[in-house]
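Visitor: If you scroll down you'll find the structure; I have some questions about it.
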Amino acid sequence: MIISADPPPGALFVDSRPPADYARGHLEGAINLDLSGFRGRLRSEEELGQLERALADLNGRIGAAPERPVVVYDAGFNTRLTKTAFMLALGGLEVHLWPQGWEPQATQTAPTTPTPSKPWARLDRDILLTADEILAQPGLLLLDVREPHEFASGHIPGARNLPLSAFRADNAGSLGLSPGQEVGVHCRSGARSASAFWLLRQQGVRARNYLGSMLEWEAEADLPVER
C-alpha cells in the first residue's frame, strides 16, 4: 500500500536512499537498505527456494517478521523504493510505501543497528510472475513498461507496450484495466515494473511482477523474442 501519512504503529522503517542521504538524516530506528539491484534466474523450484532462503536470512538480519509491518520510504516514488518494497513483500512481509511526507521527521543521523530476529520468509507467489508461467498462460495480459524504442528492439511475443510514464495511482480504468483483473508486468530488470506493480495493486488490479524481465528472458535460449 502507498501511504502519504500515519504509518502503521510498530512498523519497521526501511530507508532505501543512498547511504550519504541516509547519513544526513533519517527516521528514528530506520535501517538503510536498497534491494533495487537484485538480479537472479528464477526458472526452477530450486532457484525459487534459494531466493526464499535468502529473503529469510535478510528478514532475520534486519529484524523483520510477518506480524510486523514494514514501511519503505525514499525521496519520491522511484525504482529504489518500489523494487526494495517488492522484494520485501515477496518474502511474505506486510509492506507499505512512503514516498513523501516523512521528511520533517528525518532528524536522526546516527545509523541504526538492527535487532536480529529468527530468519523467516514465505515466498508470495501471488505477486511474482516467472518466465515459465508466462509460457503456460498465453492469454495473460502482459504489459511491457519499457520505452517504445526498447520494446521495438526485442520483446516477449504477445506483450503490450505501455511505458511506465503512462501509469498513475488513479488511472487503471483509462488504461483498460479493472479491479480484480490479473496482469503481468515486466521491464528490463524488474525495477520499473515494480513501480507499475504497486500503482496497479493500489487500484485493485492483480498485478504480478516478472522479476527476471528482459534481462532473464533474452538470456534463455528457449524463450522466444519478437522484433
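Starting from 1 in every chain, residues are counted up; chains themselves are A, B, ... following the order of the C-alpha cells, and ligands are numbered from 1 as listed.
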Going by DSSP on the backbone, which bits of region 37-181 of chain A are alpha helix (DSSP H)? Write them as a PyMOL selection string, please.

Guide: chain A and resi 45-62+79-90+131-136+148-153

Visitor: Could you give me, as a tab-separated table, every region 51-110 of chain A residue with an atom at most 9 Å from region 25-32 of chain A, plus its closest atom pair and distance in Å to one decimal, counting only C-alpha atoms, rows ordered by chain then number?

Guide:
```
residue	atom	partner	partner_atom	distance
A:Ile62	CA	A:Ile31	CA	7.8
A:Trp102	CA	A:Leu27	CA	7.8
A:Glu103	CA	A:His26	CA	8.1
A:Gln105	CA	A:Leu27	CA	6.0
A:Ala106	CA	A:His26	CA	4.1
A:Thr107	CA	A:Gly25	CA	5.1
A:Gln108	CA	A:Gly25	CA	5.1
A:Thr109	CA	A:Gly25	CA	4.9
A:Ala110	CA	A:Gly25	CA	8.3
```

Visitor: Dump N, CA, C and O atoms for the selected residues as a compact mmCIF listing (two decimals), in the first residue's frame?

Guide:
```txt
# COMPACT_ATOMS: atom_id res chain seq x y z
N ILE A 62 17.55 -8.04 9.56
CA ILE A 62 17.01 -6.70 9.77
C ILE A 62 15.91 -6.67 10.83
O ILE A 62 15.36 -5.61 11.14
N TRP A 102 7.37 12.08 4.93
CA TRP A 102 8.18 11.63 6.07
C TRP A 102 9.32 12.61 6.39
O TRP A 102 9.92 12.56 7.47
N GLU A 103 9.63 13.49 5.45
CA GLU A 103 10.84 14.31 5.53
C GLU A 103 10.99 15.12 6.83
O GLU A 103 12.10 15.16 7.40
N GLN A 105 10.29 14.44 9.72
CA GLN A 105 10.63 13.57 10.85
C GLN A 105 12.02 12.94 10.72
O GLN A 105 12.47 12.23 11.62
N ALA A 106 12.70 13.20 9.62
CA ALA A 106 14.01 12.57 9.37
C ALA A 106 15.12 13.37 10.04
O ALA A 106 15.92 14.03 9.39
N THR A 107 15.17 13.28 11.35
CA THR A 107 16.10 14.10 12.13
C THR A 107 17.25 13.30 12.74
O THR A 107 18.15 13.89 13.34
N GLN A 108 17.23 11.99 12.58
CA GLN A 108 18.28 11.17 13.18
C GLN A 108 19.47 11.05 12.23
O GLN A 108 19.30 10.92 11.02
N THR A 109 20.68 11.11 12.79
CA THR A 109 21.88 10.98 11.96
C THR A 109 22.72 9.75 12.31
O THR A 109 23.50 9.29 11.48
N ALA A 110 22.55 9.22 13.51
CA ALA A 110 23.30 8.02 13.90
C ALA A 110 22.69 6.80 13.22
O ALA A 110 21.46 6.66 13.19
```

Visitor: Would you kindly return, as JSON, numbers by chain, each protein, DNA or RNA residue with an atom no farther than 10 Å from any atom of Phe38 (chain A), considering only C-alpha atoms and excluding same-chain residues fewer than 6 positions away?

Guide: {"A": [83, 84, 87, 189, 190, 191, 211, 212]}

Visitor: Using only C-alpha atoms, find the one residue out of A:Glu182, A:Glu226, A:Glu133, A:Glu150 that sits nearest to Leu42 (chain A).

Guide: A:Glu133

Visitor: Excluding Phe13 (chain A) and any residue of its chain fewer than 2 positions from it, enumerate the residues within 12 Å of it, using only C-alpha atoms, and give them as a CSV table (one decimal) with N, CA and C atoms, in the first residue's frame.

Guide:
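See out26.csv below for the written result:
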```csv
chain,number,residue,atom,x,y,z
A,7,PRO,N,2.1,6.2,9.3
A,7,PRO,CA,2.4,4.8,9.1
A,7,PRO,C,1.9,3.9,10.2
A,8,PRO,N,1.7,2.6,9.9
A,8,PRO,CA,1.1,1.7,10.9
A,8,PRO,C,2.0,1.7,12.2
A,9,PRO,N,1.4,1.5,13.3
A,9,PRO,CA,2.1,1.5,14.6
A,9,PRO,C,3.1,0.3,14.7
A,10,GLY,N,4.2,0.5,15.3
A,10,GLY,CA,5.2,-0.6,15.4
A,10,GLY,C,5.9,-1.0,14.2
A,11,ALA,N,5.9,-0.2,13.1
A,11,ALA,CA,6.4,-0.6,11.9
A,11,ALA,C,8.0,-0.5,11.9
A,15,ASP,N,14.9,2.7,4.9
A,15,ASP,CA,15.3,3.9,4.1
A,15,ASP,C,16.0,3.4,2.9
A,16,SER,N,15.5,3.5,1.7
A,16,SER,CA,16.1,2.9,0.5
A,16,SER,C,17.0,3.9,-0.2
A,26,HIS,N,17.6,10.6,8.9
A,26,HIS,CA,16.7,9.6,8.6
A,26,HIS,C,15.7,9.4,9.7
A,27,LEU,N,14.6,8.6,9.5
A,27,LEU,CA,13.6,8.4,10.6
A,27,LEU,C,14.2,7.6,11.7
A,28,GLU,N,13.7,7.9,12.9
A,28,GLU,CA,14.2,7.2,14.1
A,28,GLU,C,14.0,5.7,13.9
A,29,GLY,N,15.1,4.9,14.1
A,29,GLY,CA,15.0,3.5,14.0
A,29,GLY,C,15.1,2.9,12.6
A,30,ALA,N,15.2,3.8,11.6
A,30,ALA,CA,15.2,3.3,10.2
A,30,ALA,C,16.6,2.7,9.9
A,31,ILE,N,16.5,1.6,9.1
A,31,ILE,CA,17.7,1.0,8.6
A,31,ILE,C,17.9,1.4,7.1
A,32,ASN,N,19.1,1.4,6.6
A,32,ASN,CA,19.4,1.8,5.3
A,32,ASN,C,19.5,0.5,4.4
A,33,LEU,N,18.6,0.3,3.4
A,33,LEU,CA,18.6,-0.9,2.7
A,33,LEU,C,18.0,-0.6,1.3
A,62,ILE,N,17.5,-8.0,9.6
A,62,ILE,CA,17.0,-6.7,9.8
A,62,ILE,C,15.9,-6.7,10.8
A,63,GLY,N,15.6,-7.8,11.4
A,63,GLY,CA,14.6,-7.9,12.4
A,63,GLY,C,13.1,-7.8,11.9
A,64,ALA,N,12.9,-8.3,10.7
A,64,ALA,CA,11.6,-8.3,10.1
A,64,ALA,C,10.8,-9.6,10.5
A,68,ARG,N,4.9,-7.9,11.9
A,68,ARG,CA,5.4,-6.5,12.0
A,68,ARG,C,5.4,-5.9,10.6
A,69,PRO,N,4.6,-4.8,10.4
A,69,PRO,CA,4.6,-4.2,9.1
A,69,PRO,C,5.9,-3.5,8.8
A,70,VAL,N,6.2,-3.3,7.6
A,70,VAL,CA,7.4,-2.7,7.1
A,70,VAL,C,7.0,-1.5,6.3
A,71,VAL,N,7.7,-0.3,6.6
A,71,VAL,CA,7.4,0.9,5.8
A,71,VAL,C,8.7,1.2,5.1
A,72,VAL,N,8.7,1.3,3.8
A,72,VAL,CA,9.9,1.6,3.0
A,72,VAL,C,9.7,3.1,2.5
A,73,TYR,N,10.6,3.9,2.7
A,73,TYR,CA,10.5,5.3,2.3
A,73,TYR,C,11.7,5.7,1.5
A,74,ASP,N,11.5,6.8,0.6
A,74,ASP,CA,12.6,7.3,-0.2
A,74,ASP,C,12.2,8.7,-0.7
A,85,ALA,N,10.7,-2.4,-1.9
A,85,ALA,CA,9.4,-2.8,-1.3
A,85,ALA,C,8.9,-4.1,-1.9
A,88,LEU,N,10.8,-7.1,-0.4
A,88,LEU,CA,10.4,-7.4,1.0
A,88,LEU,C,9.0,-8.0,1.0
A,95,VAL,N,4.0,-4.8,3.6
A,95,VAL,CA,4.8,-3.7,3.2
A,95,VAL,C,4.0,-2.5,2.8
A,96,HIS,N,4.4,-1.3,3.2
A,96,HIS,CA,3.8,0.0,2.8
A,96,HIS,C,4.9,0.8,2.2
A,97,LEU,N,4.6,1.6,1.3
A,97,LEU,CA,5.5,2.6,0.6
A,97,LEU,C,5.2,4.0,1.1
A,98,TRP,N,6.2,4.7,1.4
A,98,TRP,CA,6.0,6.1,1.9
A,98,TRP,C,6.9,7.0,1.1
A,102,TRP,N,7.4,12.1,4.9
A,102,TRP,CA,8.2,11.6,6.1
A,102,TRP,C,9.3,12.6,6.4
A,106,ALA,N,12.7,13.2,9.6
A,106,ALA,CA,14.0,12.6,9.4
A,106,ALA,C,15.1,13.4,10.0
A,112,THR,N,21.3,3.1,12.5
A,112,THR,CA,20.5,2.2,13.3
A,112,THR,C,21.1,0.8,13.2
A,114,PRO,N,20.2,-2.9,13.5
A,114,PRO,CA,19.0,-3.7,13.6
A,114,PRO,C,19.1,-4.7,14.7
```

Visitor: Write out as a PyMOL selection string which residues come within 7 Å of Ala65 (chain A) when counting only C-alpha atoms, dropping same-chain ones fewer than 6 positions away.

Guide: chain A and resi 59+93+120

Visitor: To test your reading of the structure, identify every residue in region 72-112 of chain A that backbone DSSP assigns to strand (DSSP E), and report it as number ranges by chain.

Guide: A: 72-73, 95-98

Visitor: How many Å separate CA of Arg201 (chain A) from CA of Gln100 (chain A)?

Guide: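 So the answer is 18.7 Å.
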
Visitor: Hey, which of A:Ala219, A:Met1, A:Leu199, A:Ala131 ends up closest to Leu177 (chain A)? Count only C-alpha atoms.

Guide: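 Counting only C-alpha atoms, the residue closest to Leu177 (chain A) is A:Leu199.
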
Visitor: With only C-alpha atoms as the counted atoms, please give the residues lying no more than 10 Å from Ile134 (chain A), apart from itself and same-chain residues fewer than 5 positions off, as a list of chain:residue names.

Guide: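 Skipping anything fewer than 5 positions along the chain leaves A:Leu129, A:Gly139, A:Leu140, A:Leu141, A:Leu142, A:Ile156, A:Gly184, A:Tyr210.
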
Visitor: Next, the residues of the selection above should be written as a compact mmCIF listing (two decimals), in the first residue's frame with all heavy atoms.

Guide:
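Dumped to part.txt:
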```
# COMPACT_ATOMS: atom_id res chain seq x y z
N LEU A 129 5.70 -13.32 -11.03
CA LEU A 129 5.45 -13.99 -12.30
C LEU A 129 6.78 -14.52 -12.82
O LEU A 129 7.79 -13.81 -12.78
CB LEU A 129 4.84 -13.01 -13.30
CG LEU A 129 4.38 -13.57 -14.65
CD1 LEU A 129 3.25 -14.57 -14.48
CD2 LEU A 129 3.95 -12.43 -15.57
N GLY A 139 -2.86 -16.48 -22.62
CA GLY A 139 -3.94 -15.50 -22.59
C GLY A 139 -3.74 -14.40 -21.57
O GLY A 139 -4.55 -13.45 -21.50
N LEU A 140 -2.67 -14.48 -20.77
CA LEU A 140 -2.42 -13.47 -19.75
C LEU A 140 -2.05 -12.14 -20.38
O LEU A 140 -1.21 -12.09 -21.29
CB LEU A 140 -1.29 -13.94 -18.83
CG LEU A 140 -0.81 -12.95 -17.76
CD1 LEU A 140 -1.89 -12.76 -16.69
CD2 LEU A 140 0.49 -13.43 -17.12
N LEU A 141 -2.68 -11.06 -19.91
CA LEU A 141 -2.30 -9.72 -20.39
C LEU A 141 -0.94 -9.39 -19.80
O LEU A 141 -0.77 -9.29 -18.58
CB LEU A 141 -3.34 -8.69 -19.96
CG LEU A 141 -3.01 -7.24 -20.32
CD1 LEU A 141 -2.82 -7.06 -21.82
CD2 LEU A 141 -4.10 -6.30 -19.80
N LEU A 142 0.05 -9.20 -20.66
CA LEU A 142 1.42 -8.94 -20.25
C LEU A 142 1.82 -7.55 -20.70
O LEU A 142 1.83 -7.25 -21.90
CB LEU A 142 2.36 -9.99 -20.85
CG LEU A 142 3.82 -9.98 -20.41
CD1 LEU A 142 3.92 -10.25 -18.92
CD2 LEU A 142 4.62 -11.02 -21.20
N ILE A 156 8.77 -9.78 -25.56
CA ILE A 156 8.11 -11.07 -25.40
C ILE A 156 6.90 -11.11 -26.34
O ILE A 156 6.09 -10.18 -26.35
CB ILE A 156 7.66 -11.28 -23.94
CG1 ILE A 156 8.88 -11.27 -23.01
CG2 ILE A 156 6.89 -12.59 -23.78
CD1 ILE A 156 8.53 -11.29 -21.53
N GLY A 184 0.26 -9.27 -15.90
CA GLY A 184 1.70 -9.40 -15.70
C GLY A 184 2.39 -8.12 -16.13
O GLY A 184 2.01 -7.51 -17.14
N TYR A 210 7.06 -9.78 -13.28
CA TYR A 210 8.05 -10.72 -13.80
C TYR A 210 9.41 -10.17 -13.42
O TYR A 210 9.97 -9.33 -14.11
CB TYR A 210 7.88 -10.88 -15.31
CG TYR A 210 8.96 -11.71 -15.98
CD1 TYR A 210 9.62 -12.73 -15.29
CD2 TYR A 210 9.33 -11.48 -17.30
CE1 TYR A 210 10.62 -13.50 -15.89
CE2 TYR A 210 10.32 -12.24 -17.91
CZ TYR A 210 10.95 -13.23 -17.20
OH TYR A 210 11.95 -13.99 -17.80
```

Visitor: Rank A:Glu45, A:Arg188, A:Thr130, A:Phe77 by their smallest atom-to-atom distance to Ser4 (chain A), using only C-alpha atoms, and report the top residue only.

Guide: A:Phe77

Visitor: Do you have the CA of His149 (chain A)-CA of Pro99 (chain A) distance handy?

Guide: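 That distance, rounded to one decimal, is 28.7 Å.
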